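Input: a single structure, listed below in structure tokens.
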Amino acid sequence: MNVLEGTYSVCRLPPSDRVPSWALELHEGFMSITRTPDELSIVCGQDAVPPDVTVEDGWKAMVVPGPIPFSETGVLARLATPLAAAGISIFAISTYDTDYILVKEGDLERALETLRSTGRRLIASGSPYEPVIGFSRAVREGDRVLVSGTGPVMPDGGCPESTYEQALRAWEIVAKALNEAGATVDDVVRTRTYLTPDADPDGAQKAHGEVFGEVRPASTMLVVHSLLDPRWTVEVEAEAQTRR
């Protein structure tokens, strides 16, 4: 969503009134005129409205980057539903190209944050395998963040020796992905740890406790036949539920 400059007013005039000259003279910026059998409604910059007009002031306008094809369905619903759940009132206007959502000025930042946390966000780590295999390091869908299976890969491609060090490195990568998705390790509600037969379970448990000792997520540890990289003795994944 892009936020338009300025503050807007929603004006109500009698349905039989002519469109006033002060509205007709607004040749730049965002302005909307709608006539129904019951009213003449004008949305325009707040500074343009005369003092004798029935008006609701103090709106900020957000616009969906367009054009939106007429065949696209549910665009406005995907915006209005999370805002309604957050208790944010809206005034919506649709045009040929796109949709505009107006919210009260005091609700703007909360509305933007609500919309940022809505819908699917893909978090990449830069791994060359992500586009080849077709996966993301993490996916955020609404207030839920899922982090893919994560191995103990160092920035130079190396791998720590012990299971404990490998687990710490893997959780470090997970924490970075969570942060990029707008979450933290404190939001984690489930973890899974995969260990090879040669792994040191105590080391993996120690690392998990250092990262999640205060969080106490639901957790599963499994012994598997092997992992993708023969140097790895541990791989981890996490699921978080944000509280923002």
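Starting from 1 in every chain, residues are counted up; chains themselves are A, B, ... following the order of the structure tokens, and ligands are numbered from 1 as listed.
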
Fill in: DSSP strand (DSSP E) residues within region 29-158 of chain A, listed as a ChimeraX atom specification
/A:32-35,40-45,54-63,91-94,99-104,120-123,138-141,144-150

Worksheet entry | Nearest-residue call for Ala199 (chain A), choices A:Trp232, A:Phe135, A:Tyr96, A:Trp59, using only C-alpha atoms |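 With only C-alpha atoms as the atom set, the closest residue is A:Trp232.
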
Discussion item. Report, in Å to a single decimal, how far apart CA of Gly6 (chain A) and CA of Cys44 (chain A) are.
Written reply: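 Result for CA of Cys44 (chain A) versus CA of Gly6 (chain A): 9.7 Å, one decimal.
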
Item to complete: Might you pull out every residue within 12 Å of Thr95 (chain A), with only C-alpha atoms counted and same-chain residues fewer than 4 positions away left off, and present them as a PyMOL selection string?
Response: chain A and resi 30-34+63-70+76+99-101

Pull N, CA, C and O atoms from the residues just selected and write them as a short mmCIF file (atom, residue, chain, number, x, y, z; two decimals), in the first residue's frame.
data_model
loop_
_atom_site.label_atom_id
_atom_site.label_comp_id
_atom_site.auth_asym_id
_atom_site.auth_seq_id
_atom_site.Cartn_x
_atom_site.Cartn_y
_atom_site.Cartn_z
N PHE A 30 -5.85 13.53 -5.24
CA PHE A 30 -6.95 12.56 -5.12
C PHE A 30 -8.24 13.28 -4.75
O PHE A 30 -8.29 14.06 -3.81
N MET A 31 -9.30 12.99 -5.52
CA MET A 31 -10.62 13.54 -5.24
C MET A 31 -11.67 12.62 -5.84
O MET A 31 -11.45 12.05 -6.92
N SER A 32 -12.78 12.43 -5.13
CA SER A 32 -13.84 11.55 -5.62
C SER A 32 -15.19 12.23 -5.42
O SER A 32 -15.45 12.82 -4.37
N ILE A 33 -16.05 12.13 -6.44
CA ILE A 33 -17.41 12.67 -6.37
C ILE A 33 -18.38 11.54 -6.69
O ILE A 33 -18.25 10.88 -7.74
N THR A 34 -19.33 11.31 -5.79
CA THR A 34 -20.31 10.24 -5.99
C THR A 34 -21.71 10.79 -5.70
O THR A 34 -21.93 11.37 -4.62
N VAL A 63 -3.43 3.68 -1.20
CA VAL A 63 -3.83 3.20 -2.51
C VAL A 63 -3.12 1.89 -2.82
O VAL A 63 -1.94 1.71 -2.51
N VAL A 64 -3.85 0.96 -3.41
CA VAL A 64 -3.28 -0.30 -3.88
C VAL A 64 -2.60 -0.03 -5.21
O VAL A 64 -3.24 0.49 -6.13
N PRO A 65 -1.31 -0.34 -5.37
CA PRO A 65 -0.67 -0.14 -6.67
C PRO A 65 -1.42 -0.88 -7.77
O PRO A 65 -1.71 -2.06 -7.65
N GLY A 66 -1.78 -0.16 -8.80
CA GLY A 66 -2.58 -0.75 -9.87
C GLY A 66 -1.82 -0.69 -11.19
O GLY A 66 -0.63 -0.35 -11.23
N PRO A 67 -2.52 -0.94 -12.29
CA PRO A 67 -3.95 -1.26 -12.33
C PRO A 67 -4.25 -2.69 -11.91
O PRO A 67 -3.43 -3.59 -12.09
N ILE A 68 -5.44 -2.88 -11.34
CA ILE A 68 -5.91 -4.19 -10.93
C ILE A 68 -6.87 -4.71 -12.00
O ILE A 68 -7.85 -4.04 -12.33
N PRO A 69 -6.63 -5.87 -12.57
CA PRO A 69 -7.55 -6.41 -13.58
C PRO A 69 -8.95 -6.60 -13.00
O PRO A 69 -9.10 -6.95 -11.82
N PHE A 70 -9.97 -6.36 -13.81
CA PHE A 70 -11.33 -6.54 -13.34
C PHE A 70 -11.62 -8.00 -13.00
O PHE A 70 -12.55 -8.29 -12.25
N LEU A 76 -10.27 -6.05 -2.27
CA LEU A 76 -10.75 -5.19 -1.20
C LEU A 76 -11.03 -5.98 0.07
O LEU A 76 -10.75 -5.52 1.18
N ASP A 99 -7.98 0.43 -5.99
CA ASP A 99 -8.79 0.68 -4.79
C ASP A 99 -8.06 1.63 -3.86
O ASP A 99 -6.82 1.56 -3.72
N TYR A 100 -8.82 2.48 -3.21
CA TYR A 100 -8.31 3.39 -2.20
C TYR A 100 -8.97 3.06 -0.87
O TYR A 100 -10.17 2.82 -0.80
N ILE A 101 -8.16 3.02 0.19
CA ILE A 101 -8.65 2.78 1.54
C ILE A 101 -8.31 4.01 2.38
O ILE A 101 -7.14 4.37 2.50
#

Practice prompt. Grab the CA of Gly87 (chain A) to CA of Ala183 (chain A) distance for me, in Å with one decimal place.
Written response: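 If I compute the distance from CA of Gly87 (chain A) to CA of Ala183 (chain A), I get 22.3 Å.
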
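Among the candidates A:Gly106, A:Ser94, A:Asp143, A:Leu13, the residue lying nearest to Asp52 (chain A) is A:Leu13 (atoms considered: only C-alpha atoms).
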
Practice prompt. Go through A:Ile90, A:Leu168, A:Ala175, A:Leu108 and flag the residue nearest Gly209 (chain A), using only C-alpha atoms for the distances.
Written response: A:Leu168

So that each row is one residue of region 104-160 of chain A with an atom at most 12 Å from region 216-228 of chain A, can you give its shortest atom pair and the distance in Å to one decimal, using only C-alpha atoms, rows by chain and rising number, as a tab-separated table?
residue	atom	partner	partner_atom	distance
A:Gly149	CA	A:Leu227	CA	10.6
A:Thr150	CA	A:Leu228	CA	10.8
A:Gly151	CA	A:Leu228	CA	8.9
A:Pro152	CA	A:Leu227	CA	11.3
A:Val153	CA	A:Leu228	CA	11.8
